[in-house]
Amino acid sequence: MVLEIINSCLSSGLQSNPHLIYSLLYQRNLFSAFRGHPTFQDIIQNIDTLLAFFSSRLEHLGANPSPGSVLQAIKDGSMVFKKEKLKV
């Protein structure tokens with residue numbers, strides 16, 4: 001149920017949830033336990049798609065970006081992310 005709530009927040013309100021994205025990037029290893037479970041495949045795929053997108057944007061910040069620059073990159077990225085990449 002928590003995964004469904006996270007997915008809903010990201011699918012419908014990506015631009016309003018930069019701190020959630022920041023936290024998910026920081027704790028991305030928590031989702032590995034759900035990757036093999038068939039019930040959560042679409043949700044995990046959406047989360048992985050978003051994490052990959054934002055991770056690639058953060059690579060441009062260098063080795064030790066400040067929390068503020070990470071959050072700004074997330075905010076900027078959420079403006080250009082195409083929601084069509086997510087499964088409904």
# chains A, B, ... in the order shown; residues from 1 in each chain; ligands from 1
$ residues_around --residues "Ile5 (chain A)" --least-positions-apart "5" --cutoff "12 Å" --atoms "only C-alpha atoms" --output "list in words"
Leu10, Ser11, Ser12, Gly13, Leu20, Ile43 and Ile47 of chain A
$ write_last_selection --atoms "C-alpha atoms" --output "PDB file, in the first residue's frame"
ATOM      1  CA  LEU A  10       4.962  10.686  -8.211  1.00  0.00           C
ATOM      2  CA  SER A  11       2.533  10.008 -11.059  1.00  0.00           C
ATOM      3  CA  SER A  12       0.121  12.820 -10.327  1.00  0.00           C
ATOM      4  CA  GLY A  13       2.172  15.351  -8.391  1.00  0.00           C
ATOM      5  CA  LEU A  20       9.998  12.792  -1.747  1.00  0.00           C
ATOM      6  CA  ILE A  43       4.946   0.390  -9.438  1.00  0.00           C
ATOM      7  CA  ILE A  47       9.901   4.309  -9.374  1.00  0.00           C
TER       8      ILE A  47
END
$ residues_around --residues "region 68-82 of chain A" --least-positions-apart "2" --cutoff "9 Å" --atoms "only C-alpha atoms" --output "PyMOL selection string"
chain A and resi 14-19+21-22+50+53-54+57-58+61+65-66+84-86
$ write_last_selection --atoms "N, CA and C atoms" --output "compact mmCIF listing (two decimals), in the first residue's frame"
# COMPACT_ATOMS: atom_id res chain seq x y z
N LEU A 14 4.33 15.08 -9.39
CA LEU A 14 5.79 15.04 -9.40
C LEU A 14 6.40 16.38 -9.02
N GLN A 15 5.89 17.46 -9.59
CA GLN A 15 6.45 18.79 -9.34
C GLN A 15 6.22 19.26 -7.91
N SER A 16 5.25 18.68 -7.24
CA SER A 16 4.94 19.08 -5.87
C SER A 16 5.67 18.26 -4.82
N ASN A 17 6.47 17.30 -5.25
CA ASN A 17 7.10 16.38 -4.31
C ASN A 17 8.62 16.25 -4.47
N PRO A 18 9.35 17.36 -4.56
CA PRO A 18 10.81 17.24 -4.74
C PRO A 18 11.50 16.59 -3.54
N HIS A 19 10.98 16.80 -2.34
CA HIS A 19 11.60 16.20 -1.16
C HIS A 19 11.38 14.68 -1.14
N ILE A 21 11.20 12.81 -3.85
CA ILE A 21 12.16 12.30 -4.83
C ILE A 21 13.57 12.28 -4.23
N TYR A 22 13.92 13.33 -3.52
CA TYR A 22 15.23 13.40 -2.85
C TYR A 22 15.38 12.21 -1.91
N LEU A 50 11.80 6.86 -12.68
CA LEU A 50 12.04 8.18 -12.10
C LEU A 50 13.42 8.28 -11.46
N PHE A 53 16.01 8.63 -14.17
CA PHE A 53 15.95 9.97 -14.77
C PHE A 53 16.65 11.00 -13.89
N PHE A 54 16.29 11.02 -12.62
CA PHE A 54 16.87 12.02 -11.72
C PHE A 54 18.33 11.72 -11.40
N ARG A 57 20.41 13.20 -14.08
CA ARG A 57 20.50 14.66 -13.96
C ARG A 57 21.47 15.07 -12.85
N LEU A 58 21.57 14.25 -11.82
CA LEU A 58 22.45 14.57 -10.70
C LEU A 58 23.92 14.30 -11.02
N LEU A 61 26.21 17.21 -11.55
CA LEU A 61 26.55 18.09 -10.42
C LEU A 61 27.92 17.81 -9.83
N PRO A 65 27.76 17.11 -4.47
CA PRO A 65 26.86 18.26 -4.58
C PRO A 65 26.23 18.60 -3.23
N SER A 66 25.90 19.84 -3.05
CA SER A 66 25.23 20.26 -1.82
C SER A 66 23.77 19.80 -1.86
N GLU A 84 4.45 10.47 -19.61
CA GLU A 84 4.07 9.35 -20.48
C GLU A 84 5.01 8.16 -20.30
N LYS A 85 6.16 8.38 -19.70
CA LYS A 85 7.11 7.29 -19.46
C LYS A 85 6.66 6.38 -18.34
N LEU A 86 5.67 6.82 -17.56
CA LEU A 86 5.20 6.04 -16.42
C LEU A 86 4.00 5.19 -16.81
$ select_by_dssp --residues "chain A" --states "alpha helix (DSSP H)" --output "number ranges by chain"
A: 2-13, 18-26, 41-58, 67-80
$ atom_distance --atom1 "CA of Lys83 (chain A)" --atom2 "CA of Pro67 (chain A)"
25.1 Å
$ decode --residues "chain A" --atoms "C-alpha atoms" --output "PDB file, in the first residue's frame"
ATOM      1  CA  MET A   1       0.000   0.000   0.000  1.00  0.00           C
ATOM      2  CA  VAL A   2       2.853   2.401   0.757  1.00  0.00           C
ATOM      3  CA  LEU A   3       4.338   1.712  -2.676  1.00  0.00           C
ATOM      4  CA  GLU A   4       0.992   2.589  -4.267  1.00  0.00           C
ATOM      5  CA  ILE A   5       0.878   5.874  -2.356  1.00  0.00           C
ATOM      6  CA  ILE A   6       4.427   6.739  -3.436  1.00  0.00           C
ATOM      7  CA  ASN A   7       3.554   5.857  -7.026  1.00  0.00           C
ATOM      8  CA  SER A   8       0.438   8.022  -6.886  1.00  0.00           C
ATOM      9  CA  CYS A   9       2.368  10.985  -5.477  1.00  0.00           C
ATOM     10  CA  LEU A  10       4.962  10.686  -8.211  1.00  0.00           C
ATOM     11  CA  SER A  11       2.533  10.008 -11.059  1.00  0.00           C
ATOM     12  CA  SER A  12       0.121  12.820 -10.327  1.00  0.00           C
ATOM     13  CA  GLY A  13       2.172  15.351  -8.391  1.00  0.00           C
ATOM     14  CA  LEU A  14       5.790  15.036  -9.404  1.00  0.00           C
ATOM     15  CA  GLN A  15       6.451  18.789  -9.341  1.00  0.00           C
ATOM     16  CA  SER A  16       4.936  19.084  -5.866  1.00  0.00           C
ATOM     17  CA  ASN A  17       7.103  16.375  -4.310  1.00  0.00           C
ATOM     18  CA  PRO A  18      10.806  17.236  -4.736  1.00  0.00           C
ATOM     19  CA  HIS A  19      11.598  16.196  -1.163  1.00  0.00           C
ATOM     20  CA  LEU A  20       9.998  12.792  -1.747  1.00  0.00           C
ATOM     21  CA  ILE A  21      12.162  12.303  -4.834  1.00  0.00           C
ATOM     22  CA  TYR A  22      15.227  13.399  -2.849  1.00  0.00           C
ATOM     23  CA  SER A  23      14.419  10.824  -0.151  1.00  0.00           C
ATOM     24  CA  LEU A  24      13.777   8.069  -2.691  1.00  0.00           C
ATOM     25  CA  LEU A  25      17.114   8.748  -4.364  1.00  0.00           C
ATOM     26  CA  TYR A  26      18.844   8.639  -1.006  1.00  0.00           C
ATOM     27  CA  GLN A  27      17.143   5.378   0.012  1.00  0.00           C
ATOM     28  CA  ARG A  28      16.850   3.730  -3.424  1.00  0.00           C
ATOM     29  CA  ASN A  29      18.186   0.414  -2.120  1.00  0.00           C
ATOM     30  CA  LEU A  30      14.946  -0.119  -0.158  1.00  0.00           C
ATOM     31  CA  PHE A  31      13.119  -1.056  -3.351  1.00  0.00           C
ATOM     32  CA  SER A  32      15.333  -4.002  -4.289  1.00  0.00           C
ATOM     33  CA  ALA A  33      13.266  -6.359  -2.118  1.00  0.00           C
ATOM     34  CA  PHE A  34      10.157  -5.621  -4.210  1.00  0.00           C
ATOM     35  CA  ARG A  35      11.655  -5.994  -7.695  1.00  0.00           C
ATOM     36  CA  GLY A  36      10.980  -9.725  -7.953  1.00  0.00           C
ATOM     37  CA  HIS A  37       7.416  -9.563  -6.662  1.00  0.00           C
ATOM     38  CA  PRO A  38       4.893  -9.686  -9.546  1.00  0.00           C
ATOM     39  CA  THR A  39       2.306  -7.600  -7.692  1.00  0.00           C
ATOM     40  CA  PHE A  40       4.582  -4.570  -7.561  1.00  0.00           C
ATOM     41  CA  GLN A  41       6.239  -4.746 -10.988  1.00  0.00           C
ATOM     42  CA  ASP A  42       4.467  -1.739 -12.542  1.00  0.00           C
ATOM     43  CA  ILE A  43       4.946   0.390  -9.438  1.00  0.00           C
ATOM     44  CA  ILE A  44       8.623  -0.510  -9.093  1.00  0.00           C
ATOM     45  CA  GLN A  45       9.131   0.110 -12.802  1.00  0.00           C
ATOM     46  CA  ASN A  46       7.701   3.629 -12.385  1.00  0.00           C
ATOM     47  CA  ILE A  47       9.901   4.309  -9.374  1.00  0.00           C
ATOM     48  CA  ASP A  48      12.969   2.925 -11.177  1.00  0.00           C
ATOM     49  CA  THR A  49      12.187   5.063 -14.240  1.00  0.00           C
ATOM     50  CA  LEU A  50      12.041   8.179 -12.097  1.00  0.00           C
ATOM     51  CA  LEU A  51      15.144   7.297 -10.094  1.00  0.00           C
ATOM     52  CA  ALA A  52      17.119   6.667 -13.288  1.00  0.00           C
ATOM     53  CA  PHE A  53      15.951   9.967 -14.775  1.00  0.00           C
ATOM     54  CA  PHE A  54      16.869  12.019 -11.719  1.00  0.00           C
ATOM     55  CA  SER A  55      20.108  10.117 -11.107  1.00  0.00           C
ATOM     56  CA  SER A  56      21.276  10.985 -14.608  1.00  0.00           C
ATOM     57  CA  ARG A  57      20.502  14.656 -13.956  1.00  0.00           C
ATOM     58  CA  LEU A  58      22.455  14.572 -10.702  1.00  0.00           C
ATOM     59  CA  GLU A  59      25.572  13.142 -12.381  1.00  0.00           C
ATOM     60  CA  HIS A  60      26.189  16.568 -13.899  1.00  0.00           C
ATOM     61  CA  LEU A  61      26.549  18.087 -10.424  1.00  0.00           C
ATOM     62  CA  GLY A  62      29.851  16.386  -9.688  1.00  0.00           C
ATOM     63  CA  ALA A  63      31.069  14.196  -6.844  1.00  0.00           C
ATOM     64  CA  ASN A  64      29.821  16.032  -3.743  1.00  0.00           C
ATOM     65  CA  PRO A  65      26.865  18.262  -4.579  1.00  0.00           C
ATOM     66  CA  SER A  66      25.234  20.256  -1.817  1.00  0.00           C
ATOM     67  CA  PRO A  67      21.733  19.269  -0.691  1.00  0.00           C
ATOM     68  CA  GLY A  68      20.453  22.550  -2.098  1.00  0.00           C
ATOM     69  CA  SER A  69      21.899  21.915  -5.549  1.00  0.00           C
ATOM     70  CA  VAL A  70      20.482  18.373  -5.544  1.00  0.00           C
ATOM     71  CA  LEU A  71      17.044  19.680  -4.619  1.00  0.00           C
ATOM     72  CA  GLN A  72      17.234  22.345  -7.323  1.00  0.00           C
ATOM     73  CA  ALA A  73      18.229  19.742  -9.931  1.00  0.00           C
ATOM     74  CA  ILE A  74      15.239  17.649  -8.848  1.00  0.00           C
ATOM     75  CA  LYS A  75      12.902  20.642  -9.129  1.00  0.00           C
ATOM     76  CA  ASP A  76      14.267  21.491 -12.572  1.00  0.00           C
ATOM     77  CA  GLY A  77      14.036  17.875 -13.695  1.00  0.00           C
ATOM     78  CA  SER A  78      10.458  17.522 -12.540  1.00  0.00           C
ATOM     79  CA  MET A  79       9.503  20.337 -14.904  1.00  0.00           C
ATOM     80  CA  VAL A  80      10.785  18.474 -17.965  1.00  0.00           C
ATOM     81  CA  PHE A  81      10.049  14.841 -17.061  1.00  0.00           C
ATOM     82  CA  LYS A  82       7.511  13.328 -19.450  1.00  0.00           C
ATOM     83  CA  LYS A  83       4.803  11.547 -17.467  1.00  0.00           C
ATOM     84  CA  GLU A  84       4.074   9.351 -20.479  1.00  0.00           C
ATOM     85  CA  LYS A  85       7.111   7.293 -19.464  1.00  0.00           C
ATOM     86  CA  LEU A  86       5.204   6.038 -16.422  1.00  0.00           C
ATOM     87  CA  LYS A  87       2.736   3.179 -16.391  1.00  0.00           C
ATOM     88  CA  VAL A  88      -0.741   4.089 -15.243  1.00  0.00           C
TER      89      VAL A  88
END
